[in-house]
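Here is target.txt, consisting of compact mmCIF, C-alpha atoms and all ligand atoms:
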```txt
# COMPACT_ATOMS: atom_id res chain seq x y z
CA MET A 55 -69.17 113.76 -96.94
CA TYR A 56 -71.71 116.43 -96.13
CA LEU A 57 -69.13 119.12 -95.37
CA GLU A 58 -65.86 118.60 -97.14
CA LEU A 59 -62.71 120.71 -97.11
CA GLN A 60 -60.02 119.69 -99.57
CA GLN A 61 -56.49 121.07 -99.40
CA LEU A 62 -57.82 124.37 -98.14
CA SER A 63 -55.35 127.25 -97.87
CA VAL A 64 -56.06 130.81 -96.77
CA GLN A 65 -53.39 133.48 -96.79
CA TYR A 66 -53.87 137.04 -95.55
CA PRO A 67 -52.40 139.78 -97.72
CA GLY A 68 -48.88 140.74 -96.73
CA GLN A 69 -48.38 137.61 -94.57
CA ALA A 70 -45.43 135.32 -95.29
CA HIS A 71 -47.23 132.11 -94.30
CA PRO A 72 -50.76 130.89 -94.93
CA ALA A 73 -53.04 131.14 -91.85
CA VAL A 74 -54.63 127.87 -93.02
CA ASN A 75 -52.32 125.52 -94.88
CA GLN A 76 -53.63 122.64 -97.03
CA VAL A 77 -56.27 121.47 -94.61
CA SER A 78 -58.56 118.58 -95.54
CA PHE A 79 -61.32 116.96 -93.50
CA GLY A 80 -64.96 116.00 -93.77
CA LEU A 81 -68.10 115.78 -91.66
CA LYS A 82 -71.10 113.57 -92.27
CA ALA A 83 -74.58 115.07 -91.86
CA GLY A 84 -75.41 115.32 -88.15
CA GLN A 85 -71.80 115.12 -86.99
CA ILE A 86 -70.11 117.67 -84.75
CA GLY A 87 -66.54 118.57 -85.61
CA VAL A 88 -64.30 120.54 -83.27
CA LEU A 89 -61.14 122.44 -84.20
CA ILE A 90 -58.70 122.85 -81.37
CA GLY A 91 -55.24 124.37 -81.19
CA PRO A 92 -53.23 127.15 -79.60
CA SER A 93 -53.91 130.80 -80.23
CA GLY A 94 -53.09 131.85 -83.78
CA CYS A 95 -53.15 128.33 -85.26
CA GLY A 96 -55.79 129.30 -87.82
CA LYS A 97 -59.03 127.96 -86.30
CA THR A 98 -61.06 131.14 -86.68
CA THR A 99 -59.71 131.77 -90.16
CA LEU A 100 -60.81 128.27 -91.21
CA LEU A 101 -64.27 128.85 -89.74
CA ARG A 102 -64.58 132.23 -91.47
CA ALA A 103 -63.51 130.72 -94.79
CA THR A 104 -66.18 128.04 -94.36
CA ALA A 105 -68.75 130.77 -93.74
CA GLY A 106 -67.63 132.58 -96.89
CA LEU A 107 -66.19 135.50 -94.94
CA GLU A 108 -62.58 134.95 -96.12
CA PRO A 109 -61.46 134.29 -99.70
CA ILE A 110 -59.51 131.07 -100.14
CA HIS A 111 -56.25 130.68 -102.01
CA ALA A 112 -56.19 127.01 -102.78
CA GLY A 113 -58.39 123.96 -102.40
CA ASN A 114 -62.14 123.99 -102.04
CA ILE A 115 -65.07 123.68 -99.65
CA SER A 116 -68.29 121.88 -100.48
CA LEU A 117 -71.48 121.55 -98.50
CA SER A 118 -74.21 119.04 -99.19
CA GLY A 119 -72.67 118.12 -102.53
CA ALA A 120 -72.36 121.72 -103.80
CA LEU A 121 -69.12 123.64 -104.15
CA VAL A 122 -69.29 126.79 -101.98
CA SER A 123 -65.65 128.00 -102.07
CA SER A 124 -62.78 127.68 -104.47
CA PRO A 125 -60.10 130.22 -105.41
CA THR A 126 -62.26 131.33 -108.34
CA GLN A 127 -65.77 130.81 -107.03
CA SER A 128 -67.49 131.78 -103.80
CA VAL A 129 -71.11 131.44 -102.80
CA PRO A 130 -71.95 134.58 -100.76
CA PRO A 131 -72.22 133.99 -97.00
CA GLU A 132 -75.97 134.65 -96.86
CA ALA A 133 -76.62 132.08 -99.58
CA ARG A 134 -74.71 129.31 -97.75
CA HIS A 135 -77.47 128.78 -95.17
CA MET A 136 -75.02 128.52 -92.31
CA GLY A 137 -75.74 129.66 -88.74
CA MET A 138 -73.06 131.28 -86.63
CA VAL A 139 -72.54 131.67 -82.89
CA PHE A 140 -69.66 133.76 -81.59
CA GLN A 141 -68.17 134.38 -78.17
CA ASP A 142 -69.86 137.76 -77.82
CA TYR A 143 -73.49 136.73 -77.90
CA ALA A 144 -74.32 139.62 -80.25
CA LEU A 145 -77.97 139.65 -79.21
CA PHE A 146 -80.03 142.72 -80.09
CA PRO A 147 -80.47 144.50 -76.75
CA HIS A 148 -83.72 146.23 -77.73
CA LEU A 149 -85.40 142.97 -78.83
CA ASP A 150 -86.77 140.43 -76.39
CA VAL A 151 -85.68 136.78 -76.47
CA GLY A 152 -88.49 135.71 -78.81
CA GLN A 153 -87.77 138.56 -81.22
CA ASN A 154 -84.05 137.83 -81.15
CA VAL A 155 -84.68 134.19 -82.00
CA ALA A 156 -87.16 135.14 -84.75
CA PHE A 157 -84.65 137.47 -86.36
CA GLY A 158 -83.44 135.10 -89.08
CA ILE A 159 -86.92 133.81 -89.90
CA HIS A 160 -88.84 137.12 -89.88
CA HIS A 161 -90.01 136.40 -93.45
CA TRP A 162 -91.73 133.17 -92.38
CA PRO A 163 -95.57 133.15 -92.01
CA THR A 164 -96.50 134.28 -88.48
CA ASP A 165 -97.87 130.97 -87.20
CA LYS A 166 -94.97 128.95 -88.50
CA ARG A 167 -92.49 131.48 -87.14
CA ARG A 168 -94.07 131.50 -83.65
CA ALA A 169 -94.10 127.73 -83.53
CA ARG A 170 -90.44 127.55 -84.56
CA VAL A 171 -89.38 130.15 -81.97
CA ALA A 172 -91.22 128.18 -79.27
CA ASP A 173 -89.61 124.94 -80.45
CA VAL A 174 -86.03 126.17 -80.47
CA LEU A 175 -86.45 127.99 -77.15
CA ASP A 176 -87.73 124.75 -75.65
CA LEU A 177 -84.79 122.94 -77.18
CA VAL A 178 -82.31 125.23 -75.41
CA GLY A 179 -84.30 125.14 -72.15
CA LEU A 180 -85.57 128.74 -72.32
CA GLY A 181 -89.20 128.08 -73.21
CA THR A 182 -90.44 130.33 -70.40
CA GLN A 183 -88.10 133.25 -71.10
CA ARG A 184 -89.50 134.45 -74.41
CA ARG A 185 -90.52 137.90 -73.13
CA ARG A 186 -87.33 138.74 -71.29
CA TYR A 187 -84.64 141.06 -72.60
CA PRO A 188 -80.99 140.09 -73.00
CA HIS A 189 -79.84 142.25 -70.06
CA GLU A 190 -82.22 140.30 -67.79
CA LEU A 191 -80.46 137.02 -68.59
CA SER A 192 -77.24 135.41 -67.35
CA GLY A 193 -74.30 134.95 -69.72
CA GLY A 194 -75.10 131.26 -70.14
CA GLN A 195 -78.75 132.04 -70.91
CA GLN A 196 -77.75 134.70 -73.42
CA GLN A 197 -75.51 132.23 -75.17
CA ARG A 198 -78.38 129.77 -75.35
CA VAL A 199 -80.53 132.46 -76.94
CA ALA A 200 -77.78 133.04 -79.51
CA LEU A 201 -77.75 129.30 -80.17
CA ALA A 202 -81.55 129.21 -80.54
CA ARG A 203 -81.36 132.14 -82.94
CA ALA A 204 -78.75 130.37 -85.05
CA LEU A 205 -80.75 127.11 -85.05
CA ALA A 206 -84.13 128.72 -85.88
CA PRO A 207 -83.74 128.76 -89.69
CA SER A 208 -82.51 125.11 -89.61
CA PRO A 209 -79.15 126.02 -91.12
CA LYS A 210 -77.30 123.50 -93.25
CA LEU A 211 -74.28 123.95 -91.02
CA LEU A 212 -73.77 125.60 -87.66
CA LEU A 213 -70.45 127.35 -87.01
CA LEU A 214 -69.52 128.12 -83.41
CA ASP A 215 -66.44 130.15 -82.53
CA GLU A 216 -65.45 129.82 -78.84
CA PRO A 217 -69.05 130.48 -77.79
CA PHE A 218 -68.34 129.84 -74.10
CA SER A 219 -65.08 131.70 -73.69
CA ASN A 220 -66.70 134.59 -71.79
CA LEU A 221 -68.30 132.26 -69.27
CA ASP A 222 -66.84 130.88 -66.06
CA VAL A 223 -65.27 127.44 -66.06
CA ASP A 224 -68.05 125.50 -64.28
CA LEU A 225 -70.69 126.89 -66.55
CA ARG A 226 -68.59 126.20 -69.62
CA GLU A 227 -68.32 122.54 -68.80
CA ARG A 228 -72.05 122.18 -68.20
CA LEU A 229 -72.96 124.13 -71.32
CA ALA A 230 -70.56 122.06 -73.41
CA GLN A 231 -72.46 118.89 -72.43
CA GLU A 232 -75.78 120.62 -73.01
CA LEU A 233 -74.71 121.96 -76.37
CA ARG A 234 -73.94 118.47 -77.62
CA THR A 235 -77.35 117.22 -76.51
CA ILE A 236 -79.10 120.20 -78.12
CA LEU A 237 -77.23 119.85 -81.41
CA LYS A 238 -77.88 116.12 -81.54
CA GLU A 239 -81.59 116.66 -80.83
CA ALA A 240 -81.72 119.28 -83.55
CA GLY A 241 -79.89 116.91 -85.92
CA ALA A 242 -77.52 119.78 -86.72
CA THR A 243 -74.17 119.42 -88.43
CA ALA A 244 -71.74 121.73 -86.66
CA LEU A 245 -68.16 122.92 -86.64
CA PHE A 246 -66.98 124.25 -83.29
CA VAL A 247 -63.78 126.11 -82.48
CA THR A 248 -62.16 126.07 -79.06
CA HIS A 249 -58.77 126.01 -77.38
CA ASP A 250 -60.12 123.96 -74.46
CA GLN A 251 -59.59 120.20 -74.69
CA LEU A 252 -62.27 119.24 -72.20
CA GLU A 253 -64.77 121.25 -74.19
CA ALA A 254 -63.58 119.59 -77.40
CA PHE A 255 -63.87 116.12 -75.86
CA ALA A 256 -67.33 116.89 -74.45
CA ILE A 257 -68.72 118.18 -77.72
CA GLY A 258 -66.99 116.67 -80.73
CA ASP A 259 -67.63 113.49 -82.66
CA LEU A 260 -64.43 114.32 -84.49
CA ILE A 261 -61.70 116.66 -83.36
CA GLY A 262 -59.06 118.36 -85.46
CA VAL A 263 -55.84 119.51 -83.85
CA MET A 264 -54.31 122.52 -85.60
CA HIS A 265 -50.88 124.09 -85.30
CA GLU A 266 -49.45 126.90 -87.41
CA GLY A 267 -52.15 126.56 -90.04
CA ARG A 268 -51.76 122.80 -90.45
CA LEU A 269 -54.23 120.15 -89.38
CA HIS A 270 -52.12 117.57 -87.54
CA GLN A 271 -54.85 115.03 -86.96
CA TRP A 272 -58.59 114.64 -87.51
CA ALA A 273 -59.97 111.86 -85.36
CA ASP A 274 -62.21 110.97 -82.44
CA ALA A 275 -61.08 111.88 -78.93
CA TYR A 276 -59.99 108.34 -78.04
CA THR A 277 -57.70 108.11 -81.08
CA LEU A 278 -56.22 111.56 -80.48
CA TYR A 279 -55.38 110.60 -76.93
CA HIS A 280 -54.14 107.08 -77.52
CA ARG A 281 -52.82 107.31 -81.06
CA PRO A 282 -51.55 110.85 -81.51
CA ALA A 283 -50.28 111.20 -85.07
CA THR A 284 -47.60 113.76 -84.30
CA ARG A 285 -45.53 114.93 -81.37
CA PHE A 286 -47.51 118.13 -81.35
CA VAL A 287 -50.80 116.28 -80.84
CA ALA A 288 -49.24 114.02 -78.19
CA ASP A 289 -48.03 117.07 -76.32
CA PHE A 290 -51.15 119.18 -76.75
CA ILE A 291 -53.68 116.53 -75.73
CA GLY A 292 -53.43 115.19 -72.19
CA HIS A 293 -50.63 115.16 -69.65
CA GLY A 294 -47.52 113.29 -70.58
CA VAL A 295 -43.83 113.39 -71.30
CA PHE A 296 -41.53 111.95 -73.92
CA ALA A 297 -38.85 109.70 -72.48
CA PRO A 298 -35.81 108.37 -74.31
CA ALA A 299 -36.29 104.67 -75.12
CA ARG A 300 -35.16 101.84 -77.40
CA VAL A 301 -37.14 99.31 -79.38
CA GLU A 302 -35.38 95.94 -79.07
CA LEU A 303 -35.98 92.38 -80.10
CA HIS A 304 -36.69 89.98 -77.30
CA GLU A 305 -36.96 86.23 -77.49
CA GLU A 306 -39.32 84.30 -75.30
CA ASN A 307 -40.18 80.61 -75.70
CA GLY A 308 -38.68 80.62 -79.19
CA VAL A 309 -40.85 83.54 -80.34
CA THR A 310 -39.33 86.93 -81.10
CA HIS A 311 -41.17 90.04 -79.97
CA LYS A 312 -40.40 93.70 -80.00
CA HIS A 313 -40.36 95.41 -76.68
CA VAL A 314 -39.60 98.95 -75.64
CA VAL A 315 -36.92 99.66 -73.05
CA THR A 316 -37.73 102.83 -71.12
CA PRO A 317 -36.25 104.54 -68.05
CA LEU A 318 -39.12 102.90 -66.14
CA GLY A 319 -38.27 99.41 -67.32
CA GLU A 320 -39.36 97.33 -70.30
CA LEU A 321 -42.79 97.61 -71.87
CA HIS A 322 -43.85 94.04 -72.69
CA GLY A 323 -47.02 92.54 -74.06
CA ILE A 324 -47.31 94.98 -76.93
CA ASN A 325 -49.92 93.67 -79.34
CA LEU A 326 -48.79 92.52 -82.76
CA ALA A 327 -50.31 95.40 -84.72
CA GLU A 328 -48.49 97.84 -82.45
CA GLN A 329 -45.26 95.87 -82.75
CA ASP A 330 -45.48 96.22 -86.54
CA ARG A 331 -45.47 99.98 -86.17
CA LEU A 332 -42.32 100.04 -84.05
CA THR A 333 -38.93 100.60 -85.66
CA LEU A 334 -35.96 98.98 -83.95
CA GLY A 335 -33.47 101.33 -82.30
CA PRO A 336 -33.63 104.52 -80.29
CA CYS A 337 -36.89 106.48 -80.06
CA ASP A 338 -38.86 108.69 -77.71
CA VAL A 339 -41.78 107.02 -76.00
CA LEU A 340 -44.86 108.89 -74.87
CA LEU A 341 -45.62 108.23 -71.22
CA ARG A 342 -48.95 109.64 -70.14
CA ALA A 343 -49.89 110.23 -66.53
CA ASP A 344 -52.34 107.32 -66.67
CA ASP A 345 -49.67 104.98 -68.07
CA ILE A 346 -47.74 105.19 -64.78
CA VAL A 347 -48.98 103.24 -61.81
CA HIS A 348 -47.93 103.86 -58.21
CA ASP A 349 -46.86 100.53 -56.74
CA ASP A 350 -44.90 100.21 -53.49
CA ALA A 351 -43.51 96.87 -54.70
CA ALA A 352 -42.11 98.37 -57.92
CA THR A 353 -38.36 98.36 -58.39
CA VAL A 354 -38.26 101.81 -59.98
CA GLN A 355 -38.39 104.63 -57.45
CA ALA A 356 -39.20 108.24 -58.25
CA LYS A 357 -39.16 111.43 -56.22
CA ILE A 358 -42.28 113.59 -56.04
CA ILE A 359 -41.29 117.03 -57.28
CA ASN A 360 -44.74 118.46 -57.77
CA LYS A 361 -48.29 117.46 -56.96
CA ALA A 362 -51.70 118.82 -57.89
CA PHE A 363 -54.87 117.72 -56.14
CA ARG A 364 -57.61 116.97 -58.64
CA GLY A 365 -60.42 115.68 -56.42
CA ASN A 366 -60.36 111.92 -56.85
CA GLU A 367 -56.67 111.82 -57.69
CA PHE A 368 -53.34 113.61 -57.55
CA LEU A 369 -51.33 114.50 -60.59
CA TYR A 370 -47.79 113.83 -59.41
CA THR A 371 -44.73 115.03 -61.28
CA LEU A 372 -41.97 112.57 -60.51
CA GLN A 373 -38.26 112.51 -61.08
CA LEU A 374 -36.42 109.26 -61.70
CA LYS A 375 -32.92 108.54 -60.41
CA THR A 376 -31.77 108.81 -64.03
CA GLY A 377 -33.02 112.40 -64.13
CA GLU A 378 -36.06 111.94 -66.40
CA THR A 379 -39.37 113.39 -65.34
CA VAL A 380 -42.70 111.56 -65.67
CA MET A 381 -46.23 112.26 -64.52
CA ALA A 382 -48.65 109.94 -62.79
CA HIS A 383 -52.30 109.99 -61.77
CA VAL A 384 -52.51 108.48 -58.31
CA PRO A 385 -55.70 107.97 -56.27
CA SER A 386 -56.03 110.83 -53.79
CA HIS A 387 -55.82 108.62 -50.67
CA HIS A 388 -52.14 108.16 -51.60
CA ASP A 389 -51.24 111.57 -50.25
CA HIS A 390 -47.43 111.61 -50.29
CA ARG A 391 -45.19 114.54 -49.43
CA LEU A 392 -43.14 116.50 -51.90
CA GLY A 393 -39.63 115.05 -51.92
CA GLU A 394 -40.82 111.56 -50.97
CA TRP A 395 -39.70 108.58 -53.10
CA ILE A 396 -42.45 106.27 -54.31
CA GLY A 397 -42.44 103.08 -56.39
CA ILE A 398 -43.82 103.30 -59.90
CA ARG A 399 -44.17 100.98 -62.87
CA PRO A 400 -45.38 101.49 -66.40
CA GLU A 401 -48.73 100.05 -67.44
CA VAL A 402 -49.01 101.21 -71.00
CA ASP A 403 -52.02 100.12 -73.07
CA HIS A 404 -50.93 101.78 -76.29
CA VAL A 405 -47.29 102.30 -77.05
CA VAL A 406 -46.69 105.57 -78.87
CA THR A 407 -43.18 106.29 -80.10
CA PHE A 408 -41.67 109.06 -82.16
CA ALA A 409 -38.30 109.45 -83.82
CA CYS A 410 -35.79 110.87 -81.33
CA GLU A 411 -35.44 114.57 -81.08
CA PRO A 412 -32.34 116.18 -79.71
CA ALA A 413 -33.01 117.39 -76.18
CA SER A 414 -33.70 121.11 -76.16
CA SER A 415 -31.19 123.16 -74.25
N1 LIG B 501 -57.29 139.87 -90.77
C1 LIG B 501 -56.06 139.35 -90.66
N2 LIG B 501 -55.00 139.87 -91.32
C2 LIG B 501 -53.78 139.35 -91.22
N3 LIG B 501 -53.48 138.29 -90.46
C3 LIG B 501 -54.46 137.72 -89.76
C4 LIG B 501 -55.82 138.23 -89.82
N4 LIG B 501 -56.59 137.45 -89.00
C5 LIG B 501 -55.78 136.52 -88.47
N5 LIG B 501 -54.51 136.67 -88.93
C6 LIG B 501 -53.34 135.81 -88.60
O1 LIG B 501 -53.62 134.52 -89.06
C7 LIG B 501 -53.19 133.54 -88.13
C8 LIG B 501 -54.37 132.67 -87.69
O2 LIG B 501 -55.28 133.47 -86.93
P1 LIG B 501 -56.66 132.91 -86.39
O3 LIG B 501 -57.42 134.05 -85.78
O4 LIG B 501 -57.34 132.14 -87.45
O5 LIG B 501 -56.16 131.92 -85.25
P2 LIG B 501 -56.96 131.23 -84.06
O6 LIG B 501 -56.44 129.84 -83.99
O7 LIG B 501 -58.42 131.38 -84.25
O8 LIG B 501 -56.48 132.05 -82.82
P3 LIG B 501 -57.27 132.45 -81.46
O9 LIG B 501 -57.49 131.18 -80.72
O10 LIG B 501 -56.29 133.37 -80.78
O11 LIG B 501 -58.52 133.14 -81.88
C9 LIG B 501 -52.53 134.30 -86.99
O12 LIG B 501 -51.15 134.33 -87.25
C10 LIG B 501 -53.13 135.68 -87.11
O13 LIG B 501 -52.22 136.65 -86.63
```
For this file, write the structure as structure tokens.
Amino acid sequence: MYLELQQLSVQYPGQAHPAVNQVSFGLKAGQIGVLIGPSGCGKTTLLRATAGLEPIHAGNISLSGALVSSPTQSVPPEARHMGMVFQDYALFPHLDVGQNVAFGIHHWPTDKRRARVADVLDLVGLGTQRRRYPHELSGGQQQRVALARALAPSPKLLLLDEPFSNLDVDLRERLAQELRTILKEAGATALFVTHDQLEAFAIGDLIGVMHEGRLHQWADAYTLYHRPATRFVADFIGHGVFAPARVELHEENGVTHKHVVTPLGELHGINLAEQDRLTLGPCDVLLRADDIVHDDAATVQAKIINKAFRGNEFLYTLQLKTGETVMAHVPSHHDHRLGEWIGIRPEVDHVVTFACEPASS
């Protein structure tokens, strides 16, 4: 691995619990990793430890085969050759765009420096803005200047901490796509922190979900969504609910299968690898909004108790006769009223179950 964190723990003085607790993951050169999790889960602390800005208490961090952090050894931040981009663009207001971008390479020979500034400004789409000052630029443009400045010295690793959080939602989504393209073109290895899933999905090759200092899962977006390793990940990523269910044996044509009995009916056709993972008996099954199909012919009826228009579809919150609540994505031409009963059936590609948890009061 190019960047490797092993059993990393960081604890602030006077705090009862570590802010980062035994976290391990790796990135290959050129990969983009994203850390996502609720406020206070330890994302920024992990990023700062990687940059060498926080001492670590256990474990180690290595970059490009060299140890940069351990409890007894720490390469100073400036010697790690990492670039950083934060949410406040931190541009120098009295320097123009070109001078801002040249800041980290001021010791380079003039010709080489000019060429590099022009290259990275082109890369971020600001090739014609070199002479402008930060206050003459939009927030999105300023953030691209900050990115160009961080990329200019060709850092070994780029660290980005919620760089778009001061920007409006539309711009954030566009910049997230652009950022991925720019980083891939630059061949940069990057670690990005956000609390926004869409941003994480748009940017990351690998995404780590953190909660209370722990890394619950480190995987690509598809796996996080379809194979969440913990209840926390299942809950945090995507819309869905846990419904009480039972894994039972079922015989058909002399062959025994496992199937899952849910309040919406039985989930059949579970592939063999998935069946192996299922333990017989009671469980909670994850039902995502896209696992529930609206079907007038279905035997299970549910009452619409909430609906949110999302352009091409509605997100309906539905209550079953048995009292459970599920969610469903339904094409937006099926515009039903609140309180109406509609037919639904499960169409689950990946069955995800967890051990039962007592219902919270
Ligand atoms: N300098 C500090 N001293 C003591 N505790 C701190 C310090 N910085 C952060 N913490 C605590 O460490 C934990 C992790 O904080 P951190 O800022 O890493 O979380 P985060 O996931 O980045 O949150 P956010 O999304 O709100 O920025 C929190 O409980 C926080 O209160």
Find the distance between atom CA of Ala83 of chain A and atom CA of Ile159 of chain A and write it in Å to one decimal. 22.5 Å
Check which residues fall inside 10 Å of ligand LIG 501 (chain B) when counting all atoms listed in the file, and print them as a PDB file with C-alpha atoms, keeping the file's coordinate frame.
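The resulting file, pocket-v5.pdb, is shown below:
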```pdb
ATOM      1  CA  VAL A  64     -56.060 130.810 -96.770  1.00  0.00           C
ATOM      2  CA  GLN A  65     -53.390 133.480 -96.790  1.00  0.00           C
ATOM      3  CA  TYR A  66     -53.870 137.040 -95.550  1.00  0.00           C
ATOM      4  CA  PRO A  67     -52.400 139.780 -97.720  1.00  0.00           C
ATOM      5  CA  GLY A  68     -48.880 140.740 -96.730  1.00  0.00           C
ATOM      6  CA  GLN A  69     -48.380 137.610 -94.570  1.00  0.00           C
ATOM      7  CA  ALA A  70     -45.430 135.320 -95.290  1.00  0.00           C
ATOM      8  CA  HIS A  71     -47.230 132.110 -94.300  1.00  0.00           C
ATOM      9  CA  PRO A  72     -50.760 130.890 -94.930  1.00  0.00           C
ATOM     10  CA  ALA A  73     -53.040 131.140 -91.850  1.00  0.00           C
ATOM     11  CA  VAL A  74     -54.630 127.870 -93.020  1.00  0.00           C
ATOM     12  CA  LEU A  89     -61.140 122.440 -84.200  1.00  0.00           C
ATOM     13  CA  ILE A  90     -58.700 122.850 -81.370  1.00  0.00           C
ATOM     14  CA  GLY A  91     -55.240 124.370 -81.190  1.00  0.00           C
ATOM     15  CA  PRO A  92     -53.230 127.150 -79.600  1.00  0.00           C
ATOM     16  CA  SER A  93     -53.910 130.800 -80.230  1.00  0.00           C
ATOM     17  CA  GLY A  94     -53.090 131.850 -83.780  1.00  0.00           C
ATOM     18  CA  CYS A  95     -53.150 128.330 -85.260  1.00  0.00           C
ATOM     19  CA  GLY A  96     -55.790 129.300 -87.820  1.00  0.00           C
ATOM     20  CA  LYS A  97     -59.030 127.960 -86.300  1.00  0.00           C
ATOM     21  CA  THR A  98     -61.060 131.140 -86.680  1.00  0.00           C
ATOM     22  CA  THR A  99     -59.710 131.770 -90.160  1.00  0.00           C
ATOM     23  CA  LEU A 100     -60.810 128.270 -91.210  1.00  0.00           C
ATOM     24  CA  LEU A 101     -64.270 128.850 -89.740  1.00  0.00           C
ATOM     25  CA  ARG A 102     -64.580 132.230 -91.470  1.00  0.00           C
ATOM     26  CA  ALA A 103     -63.510 130.720 -94.790  1.00  0.00           C
ATOM     27  CA  GLU A 108     -62.580 134.950 -96.120  1.00  0.00           C
ATOM     28  CA  ASP A 215     -66.440 130.150 -82.530  1.00  0.00           C
ATOM     29  CA  GLU A 216     -65.450 129.820 -78.840  1.00  0.00           C
ATOM     30  CA  VAL A 247     -63.780 126.110 -82.480  1.00  0.00           C
ATOM     31  CA  THR A 248     -62.160 126.070 -79.060  1.00  0.00           C
ATOM     32  CA  HIS A 249     -58.770 126.010 -77.380  1.00  0.00           C
ATOM     33  CA  ASP A 250     -60.120 123.960 -74.460  1.00  0.00           C
ATOM     34  CA  MET A 264     -54.310 122.520 -85.600  1.00  0.00           C
ATOM     35  CA  HIS A 265     -50.880 124.090 -85.300  1.00  0.00           C
ATOM     36  CA  GLU A 266     -49.450 126.900 -87.410  1.00  0.00           C
ATOM     37  CA  GLY A 267     -52.150 126.560 -90.040  1.00  0.00           C
TER      38      GLY A 267
END
```
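Comparing A:Asp403, A:Asp165, A:Asp224, A:Glu320 by their smallest distance to Ala299 of chain A, the closest is A:Glu320 (using only C-alpha atoms).
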One decimal, in Å: what's the spacing between atom CA of Leu392 of chain A and atom CA of Asp289 of chain A?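 Separation of atom CA of Leu392 of chain A and atom CA of Asp289 of chain A: 24.9 Å.
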Have a look at A:Leu269, A:Leu149, A:Ala244, A:Gly179 and name the one nearest to Glu232 of chain A; count only C-alpha atoms.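 Under the stated criterion, the closest residue is A:Gly179.
Note that atom CA of Leu260 of chain A and atom CA of Leu341 of chain A are 23.8 Å apart.
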Can you tell me which residues surround Thr371 of chain A at a distance of at most 8 Å, considering all atoms listed in the file, apart from same-chain residues fewer than 2 positions away, and format the answer as a short mmCIF file (atom, residue, chain, number, x, y, z; two decimals) with C-alpha atoms, in the frame of the given file?
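Done, and the output landed in around10.cif:
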```cif
data_model
loop_
_atom_site.label_atom_id
_atom_site.label_comp_id
_atom_site.auth_asym_id
_atom_site.auth_seq_id
_atom_site.Cartn_x
_atom_site.Cartn_y
_atom_site.Cartn_z
CA ILE A 358 -42.28 113.59 -56.04
CA ILE A 359 -41.29 117.03 -57.28
CA ASN A 360 -44.74 118.46 -57.77
CA LYS A 361 -48.29 117.46 -56.96
CA LEU A 369 -51.33 114.50 -60.59
CA GLN A 373 -38.26 112.51 -61.08
CA THR A 379 -39.37 113.39 -65.34
CA VAL A 380 -42.70 111.56 -65.67
CA MET A 381 -46.23 112.26 -64.52
CA ALA A 382 -48.65 109.94 -62.79
#
```
Residues near Asn220 of chain A, anyone? I mean within 12 Å using all atoms listed in the file, not counting same-chain ones fewer than 2 positions away, as an mmCIF file with C-alpha atoms, keeping the file's coordinate frame.
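File produced: result12.cif:
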```cif
data_model
loop_
_atom_site.group_PDB
_atom_site.id
_atom_site.type_symbol
_atom_site.label_atom_id
_atom_site.label_comp_id
_atom_site.auth_asym_id
_atom_site.auth_seq_id
_atom_site.Cartn_x
_atom_site.Cartn_y
_atom_site.Cartn_z
ATOM 1 C CA PHE A 140 -69.660 133.760 -81.590
ATOM 2 C CA GLN A 141 -68.170 134.380 -78.170
ATOM 3 C CA ASP A 142 -69.860 137.760 -77.820
ATOM 4 C CA TYR A 143 -73.490 136.730 -77.900
ATOM 5 C CA SER A 192 -77.240 135.410 -67.350
ATOM 6 C CA GLY A 193 -74.300 134.950 -69.720
ATOM 7 C CA GLY A 194 -75.100 131.260 -70.140
ATOM 8 C CA GLN A 196 -77.750 134.700 -73.420
ATOM 9 C CA GLN A 197 -75.510 132.230 -75.170
ATOM 10 C CA ASP A 215 -66.440 130.150 -82.530
ATOM 11 C CA GLU A 216 -65.450 129.820 -78.840
ATOM 12 C CA PRO A 217 -69.050 130.480 -77.790
ATOM 13 C CA PHE A 218 -68.340 129.840 -74.100
ATOM 14 C CA ASP A 222 -66.840 130.880 -66.060
ATOM 15 C CA VAL A 223 -65.270 127.440 -66.060
ATOM 16 C CA ASP A 224 -68.050 125.500 -64.280
ATOM 17 C CA LEU A 225 -70.690 126.890 -66.550
ATOM 18 C CA ARG A 226 -68.590 126.200 -69.620
#
```
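Closest approach to Phe408 of chain A among A:Leu374, A:Leu145, A:Ala288, A:Ile346: A:Ala288, based on only C-alpha atoms.
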Shortest contact to Ala156 of chain A, candidates A:Glu132, A:Pro385, A:Gly87, A:Leu205, atoms counted all atoms listed in the file, goes to A:Leu205
From the list A:Thr243, A:Gln271, A:Thr333, A:Gln183, which residue is nearest Phe286 of chain A when using all atoms listed in the file? A:Gln271
Counting only C-alpha atoms, closest pick from A:Tyr187, A:Gln61, A:Ile324, A:Pro163 relative to Pro125 of chain A is A:Gln61
Residues within 10 Å of Leu233 of chain A, all atoms listed in the file, excluding chain neighbours under 5 positions, as a PDB file with C-alpha atoms, in the coordinates of the input:
```
ATOM      1  CA  VAL A 178     -82.310 125.230 -75.410  1.00  0.00           C
ATOM      2  CA  ARG A 198     -78.380 129.770 -75.350  1.00  0.00           C
ATOM      3  CA  LEU A 201     -77.750 129.300 -80.170  1.00  0.00           C
ATOM      4  CA  GLU A 227     -68.320 122.540 -68.800  1.00  0.00           C
ATOM      5  CA  ARG A 228     -72.050 122.180 -68.200  1.00  0.00           C
ATOM      6  CA  LYS A 238     -77.880 116.120 -81.540  1.00  0.00           C
ATOM      7  CA  GLU A 239     -81.590 116.660 -80.830  1.00  0.00           C
ATOM      8  CA  ALA A 256     -67.330 116.890 -74.450  1.00  0.00           C
ATOM      9  CA  ILE A 257     -68.720 118.180 -77.720  1.00  0.00           C
TER      10      ILE A 257
END
```
